[in-house]
>>> print(open('my_file06.txt').read())   # compact mmCIF, C-alpha atoms and all ligand atoms
# COMPACT_ATOMS: atom_id res chain seq x y z
CA MET K 102 -19.26 31.76 -44.31
CA THR K 103 -16.47 30.60 -46.55
CA SER K 104 -16.76 27.12 -47.99
CA PRO K 105 -13.90 24.66 -47.70
CA PRO K 106 -11.56 24.57 -50.71
CA SER K 107 -12.77 21.09 -51.68
CA ASP K 108 -16.14 22.59 -52.70
CA VAL K 109 -14.50 24.98 -55.13
CA PRO K 110 -13.71 23.68 -58.61
CA PRO K 111 -10.20 24.35 -59.95
CA VAL K 112 -9.92 27.59 -61.92
CA VAL K 113 -8.32 25.72 -64.82
CA GLU K 114 -8.90 22.08 -65.62
CA LEU K 115 -7.63 20.48 -68.81
CA ARG K 116 -8.88 16.93 -69.36
CA ARG K 117 -6.95 15.23 -72.12
CA ALA K 118 -7.11 18.52 -73.98
CA GLY K 119 -5.26 18.70 -77.28
CA LEU K 120 -5.12 20.94 -80.32
CA THR K 121 -4.20 19.92 -83.83
CA TYR K 122 -3.92 22.61 -86.50
CA PRO K 123 -5.33 21.35 -89.80
CA GLY K 124 -2.98 21.21 -92.80
CA THR K 125 -0.78 18.83 -94.73
CA PRO K 126 0.56 17.49 -92.56
CA PRO K 127 -1.58 18.56 -89.58
CA VAL K 128 0.39 20.01 -86.64
CA GLU K 129 -0.31 18.51 -83.24
CA ALA K 130 0.58 21.69 -81.34
CA LEU K 131 -0.82 20.49 -78.01
CA LYS K 132 -0.94 16.80 -77.19
CA SER K 133 -3.58 15.39 -74.86
CA CYS K 134 -2.87 17.40 -71.68
CA ASP K 135 -4.14 17.02 -68.14
CA LEU K 136 -3.70 19.98 -65.85
CA MET K 137 -5.37 21.56 -62.84
CA VAL K 138 -4.74 25.01 -61.47
CA GLY K 139 -6.45 25.60 -58.13
CA ARG K 140 -7.77 28.89 -56.83
CA GLY K 141 -4.93 31.07 -55.56
CA GLU K 142 -2.18 29.04 -57.25
CA PHE K 143 0.70 30.63 -59.16
CA LEU K 144 1.67 28.38 -62.08
CA THR K 145 4.45 29.10 -64.51
CA VAL K 146 4.70 27.46 -67.93
CA VAL K 147 8.07 27.21 -69.56
CA GLY K 148 9.22 25.92 -72.92
CA PRO K 149 11.33 26.79 -75.94
CA SER K 150 10.06 28.58 -79.04
CA GLY K 151 7.65 26.44 -81.05
CA ALA K 152 6.90 24.16 -78.08
CA GLY K 153 3.21 25.07 -77.90
CA LYS K 154 3.12 27.87 -75.30
CA SER K 155 0.93 30.20 -77.37
CA THR K 156 -1.37 27.32 -78.23
CA PHE K 157 -1.69 26.58 -74.49
CA LEU K 158 -2.34 30.28 -73.75
CA ASN K 159 -5.00 30.46 -76.45
CA ILE K 160 -6.85 27.49 -75.01
CA VAL K 161 -6.62 28.53 -71.35
CA GLY K 162 -7.51 32.12 -72.31
CA LEU K 163 -10.59 30.96 -74.28
CA LEU K 164 -9.20 32.42 -77.50
CA ASP K 165 -9.24 28.99 -79.10
CA ALA K 166 -10.96 25.70 -78.27
CA PRO K 167 -9.19 22.37 -77.96
CA THR K 168 -9.81 20.02 -80.90
CA SER K 169 -9.88 17.07 -78.50
CA GLY K 170 -10.61 16.67 -74.81
CA ASN K 171 -12.14 19.29 -72.48
CA TYR K 172 -11.31 22.60 -70.89
CA LEU K 173 -13.21 23.57 -67.75
CA LEU K 174 -12.86 27.13 -66.45
CA ASP K 175 -14.19 27.56 -62.90
CA GLY K 176 -15.98 24.26 -63.39
CA VAL K 177 -17.72 25.38 -66.60
CA ASP K 178 -17.10 23.00 -69.50
CA THR K 179 -16.25 25.50 -72.21
CA GLY K 180 -16.56 23.02 -75.10
CA ALA K 181 -20.32 23.41 -75.26
CA LEU K 182 -20.30 27.21 -75.36
CA ARG K 183 -21.31 29.23 -78.39
CA ASP K 184 -18.87 31.90 -79.55
CA ALA K 185 -20.75 34.76 -77.89
CA ASP K 186 -20.85 32.92 -74.56
CA ARG K 187 -17.18 32.01 -74.83
CA THR K 188 -16.35 35.68 -75.46
CA ALA K 189 -18.48 36.78 -72.51
CA LEU K 190 -16.88 34.20 -70.20
CA ARG K 191 -13.43 35.31 -71.35
CA ALA K 192 -14.24 38.97 -70.64
CA GLN K 193 -15.54 38.09 -67.17
CA ARG K 194 -13.01 35.56 -65.98
CA ILE K 195 -9.66 36.15 -67.71
CA GLY K 196 -7.29 39.09 -67.36
CA PHE K 197 -4.60 39.09 -70.04
CA VAL K 198 -1.15 40.64 -69.82
CA PHE K 199 1.04 40.48 -72.92
CA GLN K 200 4.68 41.17 -73.62
CA ALA K 201 3.86 44.15 -75.85
CA PHE K 202 1.39 45.88 -73.42
CA HIS K 203 -1.26 46.52 -76.16
CA LEU K 204 -2.45 49.88 -74.81
CA LEU K 205 -4.40 52.33 -76.97
CA PRO K 206 -1.98 55.23 -77.54
CA HIS K 207 -4.56 58.04 -77.67
CA ARG K 208 -6.38 57.04 -74.49
CA THR K 209 -5.19 57.93 -71.00
CA ALA K 210 -4.06 55.26 -68.56
CA TRP K 211 -7.42 55.24 -66.77
CA GLU K 212 -9.36 55.15 -70.06
CA ASN K 213 -7.32 52.14 -71.19
CA VAL K 214 -8.17 50.37 -67.94
CA ALA K 215 -11.85 51.43 -68.02
CA LEU K 216 -12.29 50.05 -71.54
CA ALA K 217 -12.05 46.56 -70.05
CA LEU K 218 -15.35 47.29 -68.27
CA VAL K 219 -17.33 48.54 -71.27
CA TYR K 220 -18.96 45.16 -71.84
CA ARG K 221 -19.94 44.87 -68.18
CA GLY K 222 -22.70 47.41 -68.49
CA SER K 223 -21.28 49.74 -65.85
CA GLY K 224 -21.68 53.49 -66.37
CA ARG K 225 -18.83 55.88 -67.10
CA ALA K 226 -18.50 57.23 -63.56
CA GLU K 227 -18.32 53.72 -62.12
CA ARG K 228 -15.80 52.63 -64.78
CA ARG K 229 -13.66 55.63 -63.99
CA ALA K 230 -13.72 54.95 -60.24
CA LYS K 231 -12.86 51.27 -60.73
CA ALA K 232 -10.08 52.11 -63.19
CA ARG K 233 -8.52 54.54 -60.72
CA GLU K 234 -8.77 51.96 -57.96
CA ALA K 235 -7.00 49.36 -60.16
CA LEU K 236 -4.29 51.88 -61.06
CA ASP K 237 -3.81 52.62 -57.35
CA ARG K 238 -3.39 48.91 -56.74
CA VAL K 239 -0.50 48.69 -59.22
CA GLY K 240 1.11 51.84 -57.82
CA LEU K 241 0.15 54.11 -60.70
CA GLY K 242 -2.72 56.17 -59.31
CA HIS K 243 -0.71 59.36 -59.76
CA ARG K 244 -0.40 58.72 -63.53
CA ALA K 245 -4.06 57.96 -64.21
CA ASP K 246 -4.41 60.86 -66.66
CA ALA K 247 -1.17 60.19 -68.55
CA LEU K 248 -1.05 58.96 -72.15
CA PRO K 249 0.85 55.68 -72.66
CA THR K 250 3.47 57.44 -74.82
CA THR K 251 4.51 59.47 -71.78
CA LEU K 252 4.94 56.36 -69.59
CA SER K 253 7.98 54.11 -69.21
CA GLY K 254 7.83 50.46 -70.24
CA GLY K 255 7.37 49.34 -66.66
CA GLU K 256 4.57 51.88 -66.13
CA ARG K 257 2.85 50.75 -69.33
CA GLN K 258 2.94 47.17 -68.13
CA ARG K 259 1.43 48.31 -64.81
CA VAL K 260 -1.43 49.92 -66.74
CA ALA K 261 -1.88 46.64 -68.63
CA ILE K 262 -1.97 44.75 -65.33
CA ALA K 263 -4.53 47.21 -63.94
CA ARG K 264 -6.62 46.66 -67.07
CA ALA K 265 -6.36 42.89 -66.54
CA LEU K 266 -7.45 43.19 -62.88
CA VAL K 267 -10.19 45.78 -63.09
CA GLY K 268 -12.95 43.28 -63.86
CA ALA K 269 -11.96 41.03 -60.91
CA PRO K 270 -11.05 38.01 -63.09
CA SER K 271 -10.67 34.44 -61.85
CA LEU K 272 -7.34 34.13 -63.63
CA LEU K 273 -4.50 36.48 -64.46
CA LEU K 274 -2.90 35.05 -67.60
CA CYS K 275 0.46 36.56 -68.51
CA ASP K 276 2.40 35.85 -71.71
CA GLU K 277 6.08 36.81 -71.37
CA PRO K 278 5.09 39.80 -69.19
CA THR K 279 8.68 40.97 -68.75
CA GLY K 280 9.92 40.19 -72.27
CA ASN K 281 10.12 43.87 -73.27
CA LEU K 282 11.58 45.20 -70.02
CA ASP K 283 15.08 45.75 -68.66
CA SER K 284 16.00 43.51 -65.76
CA ALA K 285 15.38 46.02 -62.93
CA THR K 286 11.95 46.91 -64.32
CA ALA K 287 11.20 43.24 -64.94
CA GLU K 288 11.95 42.53 -61.28
CA SER K 289 9.50 45.20 -60.11
CA ILE K 290 6.77 43.78 -62.37
CA LEU K 291 7.45 40.26 -61.06
CA GLU K 292 7.24 41.60 -57.50
CA LEU K 293 3.85 43.09 -58.36
CA VAL K 294 2.67 39.73 -59.71
CA ASP K 295 3.96 38.04 -56.50
CA GLU K 296 2.00 40.56 -54.46
CA LEU K 297 -1.23 39.96 -56.42
CA HIS K 298 -0.74 36.23 -55.90
CA ARG K 299 -0.20 36.74 -52.15
CA ASP K 300 -3.47 38.68 -52.12
CA GLY K 301 -5.20 35.59 -53.52
CA MET K 302 -5.14 35.99 -57.31
CA THR K 303 -4.76 32.85 -59.41
CA VAL K 304 -1.87 33.45 -61.79
CA VAL K 305 -0.48 31.66 -64.84
CA VAL K 306 2.70 33.09 -66.36
CA ILE K 307 4.04 31.77 -69.65
CA THR K 308 7.73 32.37 -70.26
CA HIS K 309 10.82 31.00 -71.95
CA ASP K 310 12.94 32.36 -69.06
CA PRO K 311 13.77 29.82 -66.30
CA ALA K 312 14.37 32.67 -63.80
CA VAL K 313 10.83 33.94 -64.37
CA ALA K 314 9.48 30.38 -64.22
CA ALA K 315 11.08 29.92 -60.79
CA ARG K 316 8.78 32.65 -59.37
CA GLY K 317 5.75 30.38 -59.53
CA ASP K 318 4.86 27.93 -56.80
CA ARG K 319 4.59 25.26 -59.51
CA THR K 320 6.04 24.99 -62.98
CA VAL K 321 5.02 22.88 -65.95
CA ALA K 322 7.20 22.49 -69.01
CA ILE K 323 5.88 22.26 -72.56
CA ARG K 324 8.02 20.46 -75.07
CA ASP K 325 6.79 19.38 -78.52
CA GLY K 326 3.23 20.05 -77.37
CA ALA K 327 3.46 17.81 -74.29
CA LEU K 328 3.01 19.15 -70.74
CA SER K 329 5.03 17.80 -67.84
CA GLU K 330 5.22 18.90 -64.23
CA LEU K 331 8.70 20.11 -63.27
CA VAL K 332 9.98 18.90 -59.95
CA ARG K 333 11.95 21.68 -58.33
CA PRO K 334 14.36 21.53 -55.41
P1 LIG A 1 5.33 28.71 -78.88
O1 LIG A 1 4.37 29.75 -78.48
O2 LIG A 1 5.83 27.84 -77.76
O3 LIG A 1 6.48 29.29 -79.64
P2 LIG A 1 3.17 27.81 -80.63
O4 LIG A 1 2.09 27.37 -79.73
O5 LIG A 1 3.05 29.14 -81.28
O6 LIG A 1 4.60 27.67 -79.88
O7 LIG A 1 3.32 26.72 -81.80
C1 LIG A 1 3.39 25.32 -81.56
C2 LIG A 1 3.49 24.58 -82.89
O8 LIG A 1 2.29 24.78 -83.64
C3 LIG A 1 4.62 25.06 -83.76
O9 LIG A 1 5.14 23.95 -84.44
C4 LIG A 1 3.95 26.02 -84.72
O10 LIG A 1 4.65 26.08 -85.94
C5 LIG A 1 2.58 25.37 -84.90
N1 LIG A 1 1.52 26.35 -85.19
C6 LIG A 1 1.19 27.43 -84.46
N2 LIG A 1 0.13 28.06 -84.99
C7 LIG A 1 -0.23 27.37 -86.09
C8 LIG A 1 -1.27 27.50 -87.10
N3 LIG A 1 -2.17 28.49 -87.04
N4 LIG A 1 -1.31 26.58 -88.09
C9 LIG A 1 -0.42 25.56 -88.14
N5 LIG A 1 0.57 25.37 -87.24
C10 LIG A 1 0.67 26.26 -86.22
MG MG A 2 4.46 31.81 -78.73
>>> encode(input="my_file06.txt", output="structure tokens")
Amino acid sequence: MTSPPSDVPPVVELRRAGLTYPGTPPVEALKSCDLMVGRGEFLTVVGPSGAGKSTFLNIVGLLDAPTSGNYLLDGVDTGALRDADRTALRAQRIGFVFQAFHLLPHRTAWENVALALVYRGSGRAERRAKAREALDRVGLGHRADALPTTLSGGERQRVAIARALVGAPSLLLCDEPTGNLDSATAESILELVDELHRDGMTVVVITHDPAVAARGDRTVAIRDGALSELVRP
């Protein structure tokens, strides 16, 4: 039996969450933000350089904790977690995709993907099977044994997406995923993200590009650390 959506907590819930970097003067990089991202939603976050996008990503991705307010991931209030628990929750629930791919150059595509499972306690054979399955899902099964240096930019980003998906995360969190790609390749990566969303994945894409932002079913803008919902035609 599936439970009605009202029983399921949002994947992301920011409650008056803010982050101030200490210093003289301190920098209020994220101002008291309220935000909910429900299961299966595709949110895009847009804003100019210096607006607070990376700060937002770091909080939502559990890389940093808000200095005020609360962040709940899948209903878990992350403020009370110790570092080790925060790291474990991040590994279980968040799949990251970055502009610069961040693949290990001397590992094959499948090994790069399988590394995301090392902390899950699965054995090598199981990791290998899951990695190959994830590579199939992004259309790269035939390149599983290739080294990243022999792959195109678009193929490298597909490997990175497979690595993000292999642990069945709650949230796919992408930071400028097409920033290093030509426009045709960028389009194919955005189509892949659309497809994952249609299959039920919850997606947050951070971008400075309004055309990328328009792919989401909702967009919020960050400006001077403040979030606001964009109303689109
Ligand atoms: P974006 O990713 O949108 O370019 P950031 O989130 O990186 O913006 O930065 C938001 C603001 O916080 C900027 O004014 C930036 O200079 C400042 N900032 C970022 N990181 C730090 C830090 N570690 N210490 C102090 N200020 C920071
Ligand atoms: Mg940034």
>>> residues_around(input="my_file06.txt", residues="His203 (chain K)", least_positions_apart="5", cutoff="12 Å", atoms="only C-alpha atoms", output="list in words")
Phe197, Val198, Arg208, Ala210, Asn213, Val214, Pro249, Thr250, Gly254, Arg257, Gln258, Arg259, Val260, Ala261, Ile262, Arg264, Ala265 and Pro278 of chain K
>>> closest_residue(input="my_file06.txt", among="K:Ala130, K:Ala322, K:Leu182, K:Val239", to="ligand LIG 1 (chain A)", atoms="only C-alpha atoms and all ligand atoms")
K:Ala130
>>> residues_around(input="my_file06.txt", residues="Leu291 (chain K)", least_positions_apart="3", cutoff="9 Å", atoms="only C-alpha atoms", output="list of chain:residue names")
K:Pro278, K:Thr279, K:Thr286, K:Ala287, K:Glu288, K:Val294, K:Asp295, K:Glu296, K:Val313, K:Arg316
>>> residues_near_ligand(input="my_file06.txt", ligand="ligand LIG 1 (chain A)", cutoff="12 Å", atoms="only C-alpha atoms and all ligand atoms", output="number ranges by chain")
K: 119-132, 146-160, 165, 276-277, 307-309, 322-328
>>> closest_residue(input="my_file06.txt", among="K:Gly255, K:Arg229, K:Ser284, K:Gly180", to="Ala312 (chain K)", atoms="only C-alpha atoms")
K:Ser284
>>> closest_residue(input="my_file06.txt", among="K:Gly280, K:Gly317, K:Gly301, K:Gly222", to="ligand MG 2 (chain A)", atoms="all atoms listed in the file")
K:Gly280
>>> residues_around(input="my_file06.txt", residues="Ala230 (chain K)", least_positions_apart="5", cutoff="12 Å", atoms="only C-alpha atoms", output="PDB file with C-alpha atoms, keeping the file's coordinate frame")
ATOM      1  CA  TRP K 211      -7.420  55.240 -66.770  1.00  0.00           C
ATOM      2  CA  GLU K 212      -9.360  55.150 -70.060  1.00  0.00           C
ATOM      3  CA  VAL K 214      -8.170  50.370 -67.940  1.00  0.00           C
ATOM      4  CA  ALA K 215     -11.850  51.430 -68.020  1.00  0.00           C
ATOM      5  CA  LEU K 218     -15.350  47.290 -68.270  1.00  0.00           C
ATOM      6  CA  SER K 223     -21.280  49.740 -65.850  1.00  0.00           C
ATOM      7  CA  GLY K 224     -21.680  53.490 -66.370  1.00  0.00           C
ATOM      8  CA  ARG K 225     -18.830  55.880 -67.100  1.00  0.00           C
ATOM      9  CA  ALA K 235      -7.000  49.360 -60.160  1.00  0.00           C
ATOM     10  CA  LEU K 236      -4.290  51.880 -61.060  1.00  0.00           C
ATOM     11  CA  ASP K 237      -3.810  52.620 -57.350  1.00  0.00           C
ATOM     12  CA  GLY K 242      -2.720  56.170 -59.310  1.00  0.00           C
ATOM     13  CA  ALA K 245      -4.060  57.960 -64.210  1.00  0.00           C
ATOM     14  CA  VAL K 267     -10.190  45.780 -63.090  1.00  0.00           C
TER      15      VAL K 267
END
>>> axis_aligned_box(input="my_file06.txt", around="region 286-295 of chain K", padding_each_side="4 Å", output="AutoDock Vina command-line options")
--center_x 7.3 --center_y 42.5 --center_z -60.7 --size_x 17.3 --size_y 16.9 --size_z 16.4
>>> closest_residue(input="my_file06.txt", among="K:Leu293, K:Leu248, K:Leu164, K:Leu272", to="Phe143 (chain K)", atoms="all atoms listed in the file")
K:Leu272
>>> closest_residue(input="my_file06.txt", among="K:Gly268, K:Ala185, K:Thr179, K:Arg244", to="Leu216 (chain K)", atoms="only C-alpha atoms")
K:Gly268
>>> closest_residue(input="my_file06.txt", among="K:Thr168, K:Thr209, K:Val332, K:Phe199", to="ligand MG 2 (chain A)", atoms="only C-alpha atoms and all ligand atoms")
K:Phe199
>>> residues_around(input="my_file06.txt", residues="Met302 (chain K)", least_positions_apart="4", cutoff="7 Å", atoms="all atoms listed in the file", output="PyMOL selection string")
chain K and resi 141+272+297-298
>>> atom_distance(input="my_file06.txt", atom1="CA of Thr320 (chain K)", atom2="CA of Arg117 (chain K)")
18.6 Å
>>> atom_distance(input="my_file06.txt", atom1="CA of His207 (chain K)", atom2="CA of Leu266 (chain K)")
21.2 Å
>>> residues_around(input="my_file06.txt", residues="Val161 (chain K)", least_positions_apart="4", cutoff="10 Å", atoms="all atoms listed in the file", output="PDB file with C-alpha atoms, in the frame of the given file")
ATOM      1  CA  VAL K 113      -8.320  25.720 -64.820  1.00  0.00           C
ATOM      2  CA  GLU K 114      -8.900  22.080 -65.620  1.00  0.00           C
ATOM      3  CA  LEU K 115      -7.630  20.480 -68.810  1.00  0.00           C
ATOM      4  CA  SER K 155       0.930  30.200 -77.370  1.00  0.00           C
ATOM      5  CA  THR K 156      -1.370  27.320 -78.230  1.00  0.00           C
ATOM      6  CA  PHE K 157      -1.690  26.580 -74.490  1.00  0.00           C
ATOM      7  CA  ASP K 165      -9.240  28.990 -79.100  1.00  0.00           C
ATOM      8  CA  ALA K 166     -10.960  25.700 -78.270  1.00  0.00           C
ATOM      9  CA  PRO K 167      -9.190  22.370 -77.960  1.00  0.00           C
ATOM     10  CA  TYR K 172     -11.310  22.600 -70.890  1.00  0.00           C
ATOM     11  CA  LEU K 173     -13.210  23.570 -67.750  1.00  0.00           C
ATOM     12  CA  LEU K 174     -12.860  27.130 -66.450  1.00  0.00           C
ATOM     13  CA  ARG K 191     -13.430  35.310 -71.350  1.00  0.00           C
ATOM     14  CA  ILE K 195      -9.660  36.150 -67.710  1.00  0.00           C
ATOM     15  CA  LEU K 272      -7.340  34.130 -63.630  1.00  0.00           C
ATOM     16  CA  LEU K 274      -2.900  35.050 -67.600  1.00  0.00           C
ATOM     17  CA  VAL K 305      -0.480  31.660 -64.840  1.00  0.00           C
TER      18      VAL K 305
END
>>> decode(input="my_file06.txt", residues="region 210-222 of chain K", atoms="C-alpha atoms", output="PDB file, in the first residue's frame")
ATOM      1  CA  ALA K 210      33.480   4.781 -15.073  1.00  0.00           C
ATOM      2  CA  TRP K 211      31.945   1.917 -13.093  1.00  0.00           C
ATOM      3  CA  GLU K 212      34.583   2.179 -10.346  1.00  0.00           C
ATOM      4  CA  ASN K 213      33.851   5.896  -9.984  1.00  0.00           C
ATOM      5  CA  VAL K 214      30.157   5.105  -9.600  1.00  0.00           C
ATOM      6  CA  ALA K 215      30.769   2.148  -7.250  1.00  0.00           C
ATOM      7  CA  LEU K 216      32.885   4.289  -4.915  1.00  0.00           C
ATOM      8  CA  ALA K 217      29.695   6.056  -3.864  1.00  0.00           C
ATOM      9  CA  LEU K 218      28.597   2.742  -2.307  1.00  0.00           C
ATOM     10  CA  VAL K 219      31.744   1.987  -0.323  1.00  0.00           C
ATOM     11  CA  TYR K 220      30.284   3.405   2.886  1.00  0.00           C
ATOM     12  CA  ARG K 221      27.086   1.399   2.477  1.00  0.00           C
ATOM     13  CA  GLY K 222      28.739  -1.846   3.437  1.00  0.00           C
TER      14      GLY K 222
END
